[in-house]
>>> print(open('work.txt').read())   # compact mmCIF, C-alpha atoms and all ligand atoms
# COMPACT_ATOMS: atom_id res chain seq x y z
CA MET J 1362 18.70 -10.42 -15.75
CA LYS J 1363 15.61 -11.07 -13.64
CA ILE J 1364 13.54 -8.15 -12.40
CA MET J 1365 10.70 -8.06 -9.91
CA VAL J 1366 8.12 -5.26 -9.87
CA VAL J 1367 5.94 -5.03 -6.77
CA GLY J 1368 2.44 -3.70 -7.48
CA GLY J 1369 -0.41 -4.29 -9.88
CA GLY J 1370 -1.89 -1.12 -11.37
CA GLY J 1371 -1.56 1.05 -14.46
CA ARG J 1372 1.58 2.64 -13.05
CA GLU J 1373 3.25 -0.75 -12.70
CA HIS J 1374 2.17 -1.67 -16.23
CA ALA J 1375 3.85 1.51 -17.53
CA ILE J 1376 7.02 0.73 -15.55
CA ILE J 1377 7.07 -2.85 -16.87
CA LYS J 1378 6.51 -1.83 -20.50
CA LYS J 1379 9.38 0.66 -20.25
CA LEU J 1380 11.71 -1.83 -18.54
CA ASN J 1381 10.94 -4.36 -21.30
CA GLU J 1382 12.75 -2.08 -23.76
CA ASN J 1383 16.02 -3.12 -22.06
CA LYS J 1384 17.36 -6.17 -23.88
CA GLU J 1385 19.45 -7.38 -20.92
CA ILE J 1386 16.28 -8.14 -18.98
CA THR J 1387 15.30 -11.77 -19.50
CA GLU J 1388 12.24 -11.92 -17.28
CA ILE J 1389 10.01 -9.53 -15.32
CA PHE J 1390 7.84 -10.79 -12.48
CA ALA J 1391 4.91 -8.69 -11.27
CA LEU J 1392 3.72 -9.18 -7.66
CA PRO J 1393 0.78 -9.46 -8.03
CA GLY J 1394 0.40 -7.71 -11.43
CA ASN J 1395 -3.02 -8.03 -13.06
CA GLY J 1396 -4.75 -9.67 -16.02
CA GLY J 1397 -3.51 -7.00 -18.43
CA ILE J 1398 0.03 -6.86 -17.09
CA ALA J 1399 0.19 -10.63 -17.75
CA ALA J 1400 0.82 -9.81 -21.44
CA ASP J 1401 4.14 -8.16 -20.52
CA ALA J 1402 5.32 -9.89 -17.33
CA THR J 1403 4.92 -13.08 -15.34
CA CYS J 1404 2.29 -12.38 -12.68
CA VAL J 1405 2.82 -13.98 -9.29
CA PRO J 1406 -0.04 -14.14 -6.77
CA VAL J 1407 1.78 -12.38 -3.92
CA LYS J 1408 0.11 -9.27 -2.53
CA ALA J 1409 2.07 -6.00 -2.66
CA THR J 1410 1.71 -5.69 1.13
CA ASP J 1411 2.94 -9.24 1.86
CA ILE J 1412 6.54 -8.30 2.69
CA GLU J 1413 7.49 -11.82 3.76
CA GLY J 1414 6.01 -13.28 0.55
CA ILE J 1415 7.90 -10.71 -1.54
CA VAL J 1416 11.20 -11.47 0.19
CA ASN J 1417 10.73 -15.22 -0.14
CA PHE J 1418 9.90 -14.92 -3.83
CA ALA J 1419 13.00 -12.78 -4.47
CA LYS J 1420 15.20 -15.28 -2.64
CA GLU J 1421 13.78 -18.37 -4.33
CA ASN J 1422 13.95 -16.84 -7.80
CA THR J 1423 17.36 -15.13 -7.52
CA ILE J 1424 15.97 -11.73 -8.47
CA ASP J 1425 18.68 -9.32 -9.64
CA TYR J 1426 16.83 -6.06 -9.12
CA ALA J 1427 13.49 -5.11 -7.56
CA VAL J 1428 11.22 -2.12 -8.12
CA VAL J 1429 8.79 -1.42 -5.29
CA ALA J 1430 6.16 0.87 -6.81
CA PRO J 1431 3.17 1.38 -4.43
CA ASP J 1432 3.14 3.43 -1.24
CA ASP J 1433 2.06 0.77 1.26
CA PRO J 1434 4.91 -1.74 0.80
CA LEU J 1435 7.39 1.17 0.84
CA VAL J 1436 5.93 2.49 4.09
CA LEU J 1437 5.93 -1.07 5.48
CA GLY J 1438 9.66 -1.45 4.74
CA ALA J 1439 9.76 -3.69 1.64
CA VAL J 1440 12.97 -2.04 0.42
CA ASP J 1441 14.70 -2.54 3.78
CA ALA J 1442 13.69 -6.21 3.82
CA LEU J 1443 14.88 -6.86 0.25
CA THR J 1444 18.13 -4.95 0.73
CA GLU J 1445 18.82 -7.05 3.81
CA ILE J 1446 18.81 -10.26 1.73
CA GLY J 1447 21.05 -8.62 -0.89
CA VAL J 1448 18.50 -7.68 -3.54
CA PRO J 1449 19.15 -4.14 -4.80
CA CYS J 1450 15.96 -2.08 -5.01
CA PHE J 1451 14.41 0.98 -6.54
CA GLY J 1452 12.50 2.85 -3.84
CA PRO J 1453 13.08 4.55 -0.49
CA ASN J 1454 13.73 2.82 2.80
CA LYS J 1455 10.97 2.80 5.39
CA ASN J 1456 12.47 5.72 7.31
CA ALA J 1457 12.36 7.88 4.16
CA ALA J 1458 8.97 6.65 2.89
CA ILE J 1459 7.47 8.39 5.92
CA ILE J 1460 7.53 11.56 3.80
CA GLU J 1461 4.31 10.17 2.29
CA GLY J 1462 3.34 7.85 5.14
CA SER J 1463 2.76 10.67 7.62
CA LYS J 1464 1.39 14.08 6.71
CA VAL J 1465 2.32 15.32 10.19
CA PHE J 1466 5.94 14.31 9.49
CA SER J 1467 6.04 16.00 6.07
CA LYS J 1468 4.38 19.21 7.26
CA ASN J 1469 6.77 19.47 10.22
CA LEU J 1470 9.72 18.77 7.91
CA MET J 1471 8.69 21.61 5.59
CA LYS J 1472 8.20 24.00 8.51
CA LYS J 1473 11.57 23.11 10.06
CA TYR J 1474 13.48 23.57 6.79
CA GLY J 1475 11.54 26.54 5.37
CA ILE J 1476 10.06 24.70 2.40
CA PRO J 1477 6.97 26.57 1.09
CA THR J 1478 3.68 24.86 1.94
CA ALA J 1479 0.21 25.73 3.28
CA GLU J 1480 0.06 27.04 6.90
CA TYR J 1481 -1.23 24.28 9.19
CA GLU J 1482 -1.99 22.97 12.67
CA VAL J 1483 -1.70 19.35 13.87
CA PHE J 1484 -4.39 17.83 16.12
CA THR J 1485 -4.39 14.62 18.12
CA ASP J 1486 -7.62 15.43 19.91
CA ALA J 1487 -11.04 15.93 18.24
CA ALA J 1488 -12.26 18.50 20.81
CA GLU J 1489 -9.20 20.69 20.19
CA ALA J 1490 -9.66 20.44 16.43
CA LEU J 1491 -13.34 21.40 16.70
CA LYS J 1492 -12.48 24.36 18.92
CA TYR J 1493 -9.87 25.55 16.42
CA LEU J 1494 -12.44 25.31 13.63
CA GLU J 1495 -14.76 27.80 15.42
CA THR J 1496 -12.52 30.63 14.21
CA ALA J 1497 -10.34 29.08 11.47
CA PRO J 1498 -10.46 30.71 8.02
CA ILE J 1499 -12.91 28.94 5.67
CA PRO J 1500 -12.54 27.16 3.21
CA THR J 1501 -10.12 24.91 5.02
CA VAL J 1502 -8.48 21.57 4.30
CA ILE J 1503 -8.57 18.56 6.63
CA LYS J 1504 -6.06 15.76 6.10
CA ALA J 1505 -5.73 12.37 7.78
CA ASP J 1506 -2.13 11.82 8.94
CA GLY J 1507 -1.59 8.36 7.43
CA LEU J 1508 -2.15 6.63 4.09
CA ALA J 1509 -5.81 6.62 3.05
CA LEU J 1510 -5.81 5.46 -0.58
CA GLY J 1511 -5.66 9.07 -1.75
CA LYS J 1512 -8.98 9.78 -0.04
CA GLY J 1513 -7.83 11.24 3.26
CA VAL J 1514 -8.14 14.89 2.17
CA ILE J 1515 -11.34 16.88 2.62
CA ILE J 1516 -11.70 20.39 1.25
CA ALA J 1517 -14.32 21.95 3.50
CA MET J 1518 -16.15 24.91 1.95
CA THR J 1519 -18.15 25.61 5.14
CA ARG J 1520 -17.46 25.43 8.88
CA ASP J 1521 -20.01 22.62 9.26
CA GLU J 1522 -18.34 20.53 6.55
CA ALA J 1523 -15.01 21.01 8.31
CA LYS J 1524 -16.45 19.86 11.63
CA ASP J 1525 -18.10 16.86 9.96
CA ALA J 1526 -14.71 15.92 8.51
CA VAL J 1527 -13.14 15.99 11.99
CA HIS J 1528 -15.95 13.84 13.41
CA SER J 1529 -15.69 11.26 10.64
CA MET J 1530 -11.86 11.06 10.65
CA MET J 1531 -11.12 11.26 14.38
CA GLU J 1532 -14.23 9.76 15.97
CA ASP J 1533 -15.88 7.50 13.37
CA LYS J 1534 -12.41 6.51 12.04
CA VAL J 1535 -13.54 6.30 8.41
CA PHE J 1536 -9.87 6.07 7.42
CA GLY J 1537 -8.99 3.78 10.32
CA GLU J 1538 -5.93 4.69 12.38
CA SER J 1539 -4.78 6.99 9.53
CA GLY J 1540 -7.20 9.56 10.94
CA SER J 1541 -6.15 9.39 14.61
CA ASN J 1542 -4.03 12.47 14.00
CA ILE J 1543 -5.05 15.15 11.53
CA VAL J 1544 -3.64 18.21 9.86
CA ILE J 1545 -5.87 21.23 9.30
CA GLU J 1546 -4.36 23.51 6.71
CA GLU J 1547 -4.78 26.70 4.79
CA PHE J 1548 -6.78 26.45 1.55
CA LEU J 1549 -4.52 27.35 -1.35
CA THR J 1550 -5.44 28.25 -4.91
CA GLY J 1551 -3.67 28.01 -8.25
CA PRO J 1552 -2.86 25.47 -10.95
CA GLU J 1553 -1.58 22.10 -9.74
CA VAL J 1554 1.53 20.47 -11.14
CA SER J 1555 2.92 17.00 -10.50
CA VAL J 1556 6.70 16.70 -10.69
CA LEU J 1557 8.14 13.22 -10.27
CA SER J 1558 11.89 13.14 -9.71
CA PHE J 1559 14.68 10.61 -9.53
CA THR J 1560 16.95 11.08 -6.54
CA ASP J 1561 19.86 9.19 -5.01
CA GLY J 1562 20.15 11.49 -2.01
CA LYS J 1563 22.89 13.54 -3.68
CA THR J 1564 21.22 14.74 -6.87
CA VAL J 1565 17.60 15.41 -7.79
CA VAL J 1566 16.65 14.94 -11.43
CA PRO J 1567 13.10 16.13 -12.11
CA MET J 1568 11.22 14.21 -14.77
CA ILE J 1569 8.98 15.92 -17.28
CA SER J 1570 6.12 17.72 -15.45
CA SER J 1571 2.51 16.56 -15.68
CA MET J 1572 -1.07 17.47 -14.80
CA ASP J 1573 -3.45 15.05 -13.09
CA HIS J 1574 -7.27 15.24 -13.27
CA LYS J 1575 -8.40 13.99 -9.88
CA ARG J 1576 -12.15 14.59 -9.95
CA ALA J 1577 -14.47 11.93 -11.38
CA LYS J 1578 -16.46 14.20 -13.72
CA ASP J 1579 -15.80 16.72 -16.47
CA ASN J 1580 -14.95 20.30 -15.43
CA ASP J 1581 -13.40 18.98 -12.21
CA GLU J 1582 -16.77 18.09 -10.72
CA GLY J 1583 -17.65 14.96 -8.78
CA LEU J 1584 -15.70 13.07 -6.18
CA ASN J 1585 -11.93 12.84 -5.79
CA THR J 1586 -10.51 9.74 -7.46
CA GLY J 1587 -7.09 8.17 -7.85
CA GLY J 1588 -6.80 10.19 -11.09
CA MET J 1589 -8.92 10.15 -14.29
CA GLY J 1590 -6.26 11.24 -16.75
CA THR J 1591 -3.02 13.12 -17.22
CA VAL J 1592 -1.07 15.21 -19.68
CA ALA J 1593 2.66 15.91 -19.87
CA PRO J 1594 4.34 18.31 -19.92
CA ASN J 1595 2.23 20.67 -17.79
CA PRO J 1596 2.11 24.06 -19.60
CA TYR J 1597 1.90 25.97 -16.29
CA TYR J 1598 5.33 24.62 -15.34
CA THR J 1599 7.54 27.11 -17.18
CA SER J 1600 11.34 27.05 -16.98
CA GLU J 1601 11.23 29.95 -14.48
CA VAL J 1602 8.87 28.01 -12.23
CA ALA J 1603 11.06 24.92 -12.61
CA GLU J 1604 14.14 26.85 -11.56
CA LYS J 1605 12.38 28.28 -8.51
CA CYS J 1606 11.08 24.82 -7.52
CA MET J 1607 14.56 23.31 -7.79
CA LYS J 1608 16.03 26.02 -5.54
CA GLU J 1609 13.20 26.42 -3.02
CA ILE J 1610 11.64 22.95 -2.91
CA PHE J 1611 13.44 20.01 -4.58
CA LEU J 1612 17.00 20.46 -3.31
CA PRO J 1613 15.91 21.70 0.16
CA THR J 1614 13.68 18.61 0.52
CA MET J 1615 16.49 16.23 -0.41
CA GLU J 1616 18.86 18.00 1.96
CA ALA J 1617 16.26 18.09 4.76
CA MET J 1618 15.80 14.32 4.49
CA ASN J 1619 19.58 13.85 4.60
CA ALA J 1620 19.84 16.11 7.65
CA GLU J 1621 17.15 14.04 9.39
CA GLY J 1622 19.12 10.84 8.71
CA ARG J 1623 16.41 9.73 6.27
CA THR J 1624 18.18 9.85 2.91
CA PHE J 1625 15.59 9.36 0.17
CA LYS J 1626 16.45 7.19 -2.85
CA GLY J 1627 13.99 6.39 -5.60
CA CYS J 1628 11.17 8.48 -7.04
CA LEU J 1629 10.22 11.50 -4.98
CA TYR J 1630 6.93 13.00 -6.17
CA PHE J 1631 6.23 16.67 -5.60
CA GLY J 1632 2.53 17.62 -5.72
CA LEU J 1633 2.73 21.39 -6.19
CA MET J 1634 0.32 24.29 -6.33
CA LEU J 1635 1.43 27.40 -8.19
CA THR J 1636 -0.15 29.95 -5.84
CA PRO J 1637 -0.12 33.75 -6.29
CA ASN J 1638 2.66 33.67 -3.66
CA GLY J 1639 4.81 31.18 -5.53
CA PRO J 1640 4.96 27.38 -5.82
CA LYS J 1641 4.00 25.48 -2.66
CA VAL J 1642 4.02 21.79 -1.76
CA ILE J 1643 0.56 20.23 -1.48
CA GLU J 1644 1.90 16.74 -0.88
CA TYR J 1645 4.93 14.50 -1.23
CA ASN J 1646 4.64 10.95 -2.48
CA CYS J 1647 7.43 8.43 -1.98
CA ARG J 1648 6.80 6.79 -5.37
CA PHE J 1649 5.75 7.26 -8.97
CA GLY J 1650 2.28 8.83 -9.34
CA ASP J 1651 -0.62 7.04 -10.94
CA PRO J 1652 -1.67 8.00 -13.66
CA GLU J 1653 1.24 10.48 -14.02
CA THR J 1654 3.62 7.59 -14.77
CA GLN J 1655 1.49 6.61 -17.79
CA VAL J 1656 2.40 9.94 -19.49
CA VAL J 1657 5.88 10.52 -18.03
CA LEU J 1658 7.56 7.19 -18.81
CA PRO J 1659 6.40 6.99 -22.44
CA LEU J 1660 8.34 10.27 -22.92
CA LEU J 1661 11.52 8.94 -21.27
CA GLU J 1662 14.18 8.31 -23.89
CA SER J 1663 16.88 7.00 -21.54
CA ASP J 1664 16.95 3.39 -20.36
CA LEU J 1665 14.75 3.17 -17.25
CA LEU J 1666 16.67 0.35 -15.57
CA THR J 1667 19.96 2.25 -15.93
CA VAL J 1668 18.44 5.33 -14.30
CA MET J 1669 16.78 3.30 -11.54
CA LYS J 1670 20.03 1.52 -10.73
CA ALA J 1671 21.84 4.86 -10.58
CA THR J 1672 19.45 5.99 -7.80
CA THR J 1673 20.28 2.83 -5.86
CA ASP J 1674 24.04 3.11 -6.44
CA GLY J 1675 24.29 6.86 -5.88
CA THR J 1676 25.58 7.58 -9.40
CA LEU J 1677 22.68 9.67 -10.69
CA SER J 1678 24.86 12.73 -11.41
CA ASP J 1679 26.79 10.66 -14.01
CA THR J 1680 23.65 9.24 -15.64
CA GLU J 1681 21.77 10.77 -18.54
CA VAL J 1682 18.02 11.18 -17.99
CA LYS J 1683 16.53 12.42 -21.23
CA PHE J 1684 12.91 13.11 -22.16
CA ALA J 1685 11.45 13.49 -25.65
CA ASP J 1686 10.41 16.98 -26.69
CA LYS J 1687 6.87 15.73 -27.22
CA ASN J 1688 3.48 15.66 -25.47
CA ALA J 1689 1.56 12.80 -23.94
CA CYS J 1690 -2.06 12.40 -22.88
CA CYS J 1691 -3.55 9.51 -20.88
CA VAL J 1692 -7.31 8.98 -20.59
CA ILE J 1693 -8.43 6.63 -17.83
CA MET J 1694 -11.32 4.31 -18.68
CA ALA J 1695 -13.11 3.39 -15.46
CA SER J 1696 -16.10 1.30 -14.42
CA ASP J 1697 -19.16 3.56 -14.30
CA GLY J 1698 -19.84 4.48 -10.67
CA TYR J 1699 -16.19 4.67 -9.59
CA PRO J 1700 -15.00 5.87 -7.05
CA GLN J 1701 -18.12 4.55 -5.32
CA LYS J 1702 -20.11 1.47 -6.28
CA TYR J 1703 -19.55 -0.14 -9.66
CA GLU J 1704 -19.99 -3.47 -11.39
CA SER J 1705 -17.16 -5.46 -12.88
CA GLY J 1706 -16.49 -8.77 -14.63
CA PHE J 1707 -17.12 -7.45 -18.17
CA GLU J 1708 -15.00 -8.52 -21.13
CA ILE J 1709 -12.40 -5.97 -22.25
CA LYS J 1710 -11.69 -5.74 -25.97
CA ILE J 1711 -8.52 -3.95 -27.06
CA ALA J 1712 -7.76 -3.61 -30.78
CA ASP J 1713 -4.28 -4.89 -31.68
CA GLU J 1714 -3.24 -1.52 -33.09
CA VAL J 1715 -3.59 0.17 -29.65
CA LYS J 1716 -2.24 -2.62 -27.42
CA ASP J 1717 1.04 -0.74 -26.95
CA ASN J 1718 -0.84 2.36 -25.79
CA VAL J 1719 -2.88 0.65 -23.08
CA TYR J 1720 -1.84 0.39 -19.43
CA VAL J 1721 -4.10 -1.96 -17.53
CA ALA J 1722 -4.99 -1.11 -13.93
CA GLY J 1723 -7.92 -3.30 -12.90
CA ALA J 1724 -8.47 -6.51 -14.84
CA LYS J 1725 -8.32 -10.27 -14.44
CA ILE J 1726 -8.18 -13.18 -16.83
CA GLU J 1727 -11.08 -15.60 -16.49
CA ASP J 1728 -11.43 -18.60 -18.82
CA GLY J 1729 -8.81 -16.99 -21.04
CA ILE J 1730 -10.82 -13.75 -21.33
CA LEU J 1731 -9.64 -10.36 -20.03
CA LYS J 1732 -12.35 -8.91 -17.78
CA THR J 1733 -12.79 -5.72 -15.76
CA ALA J 1734 -11.89 -6.06 -12.08
CA GLY J 1735 -11.63 -2.63 -10.56
CA GLY J 1736 -12.71 0.99 -10.54
CA ARG J 1737 -9.99 2.32 -12.77
CA VAL J 1738 -9.75 -0.32 -15.50
CA LEU J 1739 -7.08 0.99 -17.86
CA GLY J 1740 -5.39 4.06 -19.26
CA VAL J 1741 -4.94 4.88 -22.94
CA THR J 1742 -1.87 7.01 -23.73
CA ALA J 1743 -0.85 8.76 -26.93
CA VAL J 1744 2.43 10.57 -27.60
CA GLU J 1745 2.46 13.26 -30.29
CA ASP J 1746 4.33 16.42 -31.26
CA THR J 1747 1.75 18.77 -29.75
CA LEU J 1748 -0.65 18.69 -26.80
CA GLU J 1749 -3.66 19.07 -29.10
CA LYS J 1750 -2.61 16.08 -31.19
CA ALA J 1751 -1.85 13.97 -28.12
CA ILE J 1752 -5.33 14.65 -26.72
CA ASP J 1753 -7.09 13.90 -30.03
CA SER J 1754 -5.00 10.79 -30.57
CA SER J 1755 -5.62 9.36 -27.09
CA TYR J 1756 -9.38 9.88 -27.47
CA ALA J 1757 -9.27 8.24 -30.92
CA LYS J 1758 -7.49 5.24 -29.36
CA VAL J 1759 -10.10 5.09 -26.56
CA GLN J 1760 -12.62 4.28 -29.32
CA LYS J 1761 -10.60 1.12 -30.06
CA VAL J 1762 -11.08 -0.20 -26.51
CA SER J 1763 -14.43 -1.36 -25.19
CA PHE J 1764 -16.10 -2.95 -22.19
CA ASP J 1765 -19.61 -2.72 -20.73
CA ASN J 1766 -20.14 0.07 -18.23
CA ALA J 1767 -17.07 2.00 -19.40
CA TYR J 1768 -16.85 5.60 -18.20
CA TYR J 1769 -14.23 8.22 -18.97
CA ARG J 1770 -13.88 11.99 -18.74
CA LYS J 1771 -14.22 13.80 -22.06
CA ASP J 1772 -12.11 16.81 -21.08
CA ILE J 1773 -8.66 15.47 -20.19
CA GLY J 1774 -6.13 18.11 -21.27
CA LYS J 1775 -8.72 20.89 -21.73
CA LYS J 1776 -7.32 22.98 -18.87
CA ALA J 1777 -3.79 22.48 -20.17
CA LYS J 1778 -4.86 23.68 -23.63
CA GLU J 1779 -6.40 26.80 -22.10
CA ALA J 1780 -3.17 27.57 -20.26
CA LYS J 1781 -1.19 27.90 -23.46
P1 LIG Q 1 -3.70 15.11 -1.84
O1 LIG Q 1 -4.30 13.76 -1.65
O2 LIG Q 1 -2.90 15.61 -0.71
O3 LIG Q 1 -3.03 15.23 -3.20
O4 LIG Q 1 -4.91 16.11 -1.98
C1 LIG Q 1 -5.92 15.88 -2.92
C2 LIG Q 1 -6.28 17.17 -3.61
O5 LIG Q 1 -6.80 18.08 -2.66
C3 LIG Q 1 -5.08 17.92 -4.20
O6 LIG Q 1 -4.73 17.47 -5.47
C4 LIG Q 1 -5.59 19.32 -4.22
O7 LIG Q 1 -6.41 19.52 -5.35
C5 LIG Q 1 -6.46 19.40 -3.00
N1 LIG Q 1 -5.73 20.02 -1.89
C6 LIG Q 1 -4.91 19.42 -0.99
N2 LIG Q 1 -4.41 20.32 -0.13
C7 LIG Q 1 -4.91 21.52 -0.48
C8 LIG Q 1 -4.78 22.86 0.03
N3 LIG Q 1 -4.03 23.13 1.09
N4 LIG Q 1 -5.45 23.85 -0.60
C9 LIG Q 1 -6.25 23.59 -1.66
N5 LIG Q 1 -6.41 22.36 -2.19
C10 LIG Q 1 -5.76 21.34 -1.61
N1 LIG Q 2 -1.97 10.81 -9.10
C1 LIG Q 2 -1.68 11.12 -7.76
C2 LIG Q 2 -1.01 10.06 -7.01
O1 LIG Q 2 -0.46 9.12 -7.54
O2 LIG Q 2 -1.00 10.15 -5.79
>>> encode(input="work.txt", output="structure tokens")
Amino acid sequence: MKIMVVGGGGREHAIIKKLNENKEITEIFALPGNGGIAADATCVPVKATDIEGIVNFAKENTIDYAVVAPDDPLVLGAVDALTEIGVPCFGPNKNAAIIEGSKVFSKNLMKKYGIPTAEYEVFTDAAEALKYLETAPIPTVIKADGLALGKGVIIAMTRDEAKDAVHSMMEDKVFGESGSNIVIEEFLTGPEVSVLSFTDGKTVVPMISSMDHKRAKDNDEGLNTGGMGTVAPNPYYTSEVAEKCMKEIFLPTMEAMNAEGRTFKGCLYFGLMLTPNGPKVIEYNCRFGDPETQVVLPLLESDLLTVMKATTDGTLSDTEVKFADKNACCVIMASDGYPQKYESGFEIKIADEVKDNVYVAGAKIEDGILKTAGGRVLGVTAVEDTLEKAIDSSYAKVQKVSFDNAYYRKDIGKKAKEAK
């Protein structure tokens, strides 16, 4: 069986490593993959956003099943295009991927169907937004409507910061057309939880919960990044909270998408905040999270391909999705300077004993040598019986990986430990 995975980051590496456990799979192609993924899949130089290239590759290589992992090809309609030529896919159609592709869409969906989220206003005009900000409660949160590489959210602690955010998004277009429309929303507080789920439009099966660490520096200081580390499960996500989320958020979201004629199949990611007034949705993603996937999939005991196919076929309710009763911690090793300026091109050395624990995000092979080629370079994951052991073990494994200019947070999992 030949599988194609679209994407080329740590998340895709985790998906590929898990798929490789299935003995029926004869070959996995990664489009484009990266230098580290090349150890576990055949990398093909087709960009994840090149929908025509992806379709042509699938056709020419008689691909049996495709996994479209990143947000942009999903929003561009990669699943629709592949389905049209008869290649079954994991991932939502374009009309469902809009749940991540447009914040205005997702906020309006939640309002219409009574799904708990921050209060908000939508603006298409900078002058109106600035006028609103004269009296809006501060702090406030400004969000670009469209995809912005996870950077389109500004938490403004003062009125001036909020106005600056409107100027830069709507007038200076720092996020391009993504910022033509904006959402200004209520600032919420409470622990954050990521819950990835499998859904076929009839059933929602939440995966084990996790906690991301988005800021670049220890103690949640520094700039927002794509994620500097994760732990799973998230101790704040108790069974009572889980039950409430299923009833008030997960099922209503699936049903709302069905009612809108936008049935969602694939991985629906719920970014939640456990506020004093109950769990609320901070964001939806139409895909696996990164680096949440690097702690969630290592804990999955069921066969990933079987579960993925069940979301495509609509048979999820008959499929077992089982997670180990263990803990995982992933520490991201980045190039110093990320998420701003950084140098790359340095040799990466990974000791053999930790190769299975490493998910490579930004690397290339040059003259047969694996070298850094990105801000987030790789993630190191450990699975242990307790959270404490998982944290210690992942940091011990980090010592077995080296490259010049490596930077990583020293406190991944600290907040989770304090919660217990
Ligand atoms: P997002 O890209 O939507 O996940 O937002 C990035 C981060 O901004 C989130 O992980 C939260 O920490 C924070 N954030 C987003 N929306 C809000 C909000 N309404 N209130 C407080 N923090 C928020
Ligand atoms: N880790 C957050 C995301 O994937 O969007």
>>> residues_near_ligand(input="work.txt", ligand="ligand LIG 2 (chain Q)", cutoff="7 Å", atoms="all atoms listed in the file", output="list in words")
Gly1511, Asp1573, Gly1587, Gly1588, Asn1646, Phe1649, Gly1650, Asp1651, Pro1652 and Glu1653 of chain J
>>> residues_near_point(input="work.txt", point="(13.2, -17.6, -17.3)", cutoff="8 Å", atoms="all atoms listed in the file", output="PDB file with C-alpha atoms, keeping the file's coordinate frame")
ATOM      1  CA  LYS J1363      15.610 -11.070 -13.640  1.00  0.00           C
ATOM      2  CA  THR J1387      15.300 -11.770 -19.500  1.00  0.00           C
ATOM      3  CA  GLU J1388      12.240 -11.920 -17.280  1.00  0.00           C
TER       4      GLU J1388
END
>>> closest_residue(input="work.txt", among="J:Leu1584, J:Cys1628, J:Ile1398, J:Met1669", to="J:Val1565", atoms="all atoms listed in the file")
J:Cys1628
>>> atom_distance(input="work.txt", atom1="atom CA of J:Thr1403", atom2="atom CA of J:Lys1420")
16.5 Å
>>> closest_residue(input="work.txt", among="J:Ile1726, J:Ile1460, J:Ser1663, J:Ile1389", to="J:Asn1422", atoms="all atoms listed in the file")
J:Ile1389
>>> closest_residue(input="work.txt", among="J:Ser1696, J:Thr1591, J:Thr1676, J:Thr1501", to="ligand LIG 1 (chain Q)", atoms="all atoms listed in the file")
J:Thr1501
>>> closest_atom_pairs(input="work.txt", of="chain J", to="ligand LIG 1 (chain Q)", cutoff="6 Å", atoms="only C-alpha atoms and all ligand atoms", output="tab-separated table")
residue	atom	partner	partner_atom	distance
J:Ala1479	CA	Q:LIG1	N3	5.4
J:Val1502	CA	Q:LIG1	N3	5.7
J:Gly1511	CA	Q:LIG1	O1	4.9
J:Val1514	CA	Q:LIG1	O4	5.4
J:Glu1546	CA	Q:LIG1	N3	5.6
J:Glu1547	CA	Q:LIG1	N3	5.2
J:Phe1548	CA	Q:LIG1	N4	3.6
J:Leu1549	CA	Q:LIG1	N4	3.7
J:Thr1550	CA	Q:LIG1	C9	5.7
J:Ile1643	CA	Q:LIG1	N2	5.2
J:Glu1644	CA	Q:LIG1	O2	4.9
>>> closest_residue(input="work.txt", among="J:Asp1425, J:Asp1433, J:Glu1445, J:Glu1385", to="J:Arg1648", atoms="all atoms listed in the file")
J:Asp1433
>>> atom_distance(input="work.txt", atom1="atom CA of J:Leu1629", atom2="atom CA of J:Val1416")
23.6 Å
>>> closest_residue(input="work.txt", among="J:Val1535, J:Val1656, J:Met1618, J:Val1465", to="J:Ala1593", atoms="all atoms listed in the file")
J:Val1656
>>> closest_residue(input="work.txt", among="J:Leu1494, J:Ile1386, J:Leu1380, J:Ala1400", to="J:Lys1725", atoms="all atoms listed in the file")
J:Ala1400
>>> atom_distance(input="work.txt", atom1="atom CA of J:Ile1376", atom2="atom CA of J:Met1607")
25.0 Å
>>> residues_around(input="work.txt", residues="J:Ser1463", least_positions_apart="2", cutoff="9 Å", atoms="all atoms listed in the file", output="ChimeraX atom specification")
/J:1458-1461,1465-1468,1505-1508,1539
>>> write_last_selection(input="work.txt", atoms="C-alpha atoms", output="short mmCIF file (atom, residue, chain, number, x, y, z; two decimals), keeping the file's coordinate frame")
data_model
loop_
_atom_site.label_atom_id
_atom_site.label_comp_id
_atom_site.auth_asym_id
_atom_site.auth_seq_id
_atom_site.Cartn_x
_atom_site.Cartn_y
_atom_site.Cartn_z
CA ALA J 1458 8.97 6.65 2.89
CA ILE J 1459 7.47 8.39 5.92
CA ILE J 1460 7.53 11.56 3.80
CA GLU J 1461 4.31 10.17 2.29
CA VAL J 1465 2.32 15.32 10.19
CA PHE J 1466 5.94 14.31 9.49
CA SER J 1467 6.04 16.00 6.07
CA LYS J 1468 4.38 19.21 7.26
CA ALA J 1505 -5.73 12.37 7.78
CA ASP J 1506 -2.13 11.82 8.94
CA GLY J 1507 -1.59 8.36 7.43
CA LEU J 1508 -2.15 6.63 4.09
CA SER J 1539 -4.78 6.99 9.53
#
>>> residues_around(input="work.txt", residues="J:Gly1475", least_positions_apart="4", cutoff="9 Å", atoms="only C-alpha atoms", output="PyMOL selection string")
chain J and resi 1470-1471+1609+1613
>>> residues_around(input="work.txt", residues="J:Val1367", least_positions_apart="5", cutoff="10 Å", atoms="only C-alpha atoms", output="list in words")
Glu1373, Phe1390, Ala1391, Leu1392, Pro1393, Gly1394, Val1405, Val1407, Lys1408, Ala1409, Thr1410, Ile1415, Ala1427, Val1428, Val1429, Ala1430, Pro1431, Pro1434, Leu1435 and Ala1439 of chain J
>>> residues_around(input="work.txt", residues="J:Lys1378", least_positions_apart="3", cutoff="9 Å", atoms="all atoms listed in the file", output="MDAnalysis selection string")
chainID J and resid 1373:1375 1381:1382 1398 1401:1402 1717 1720
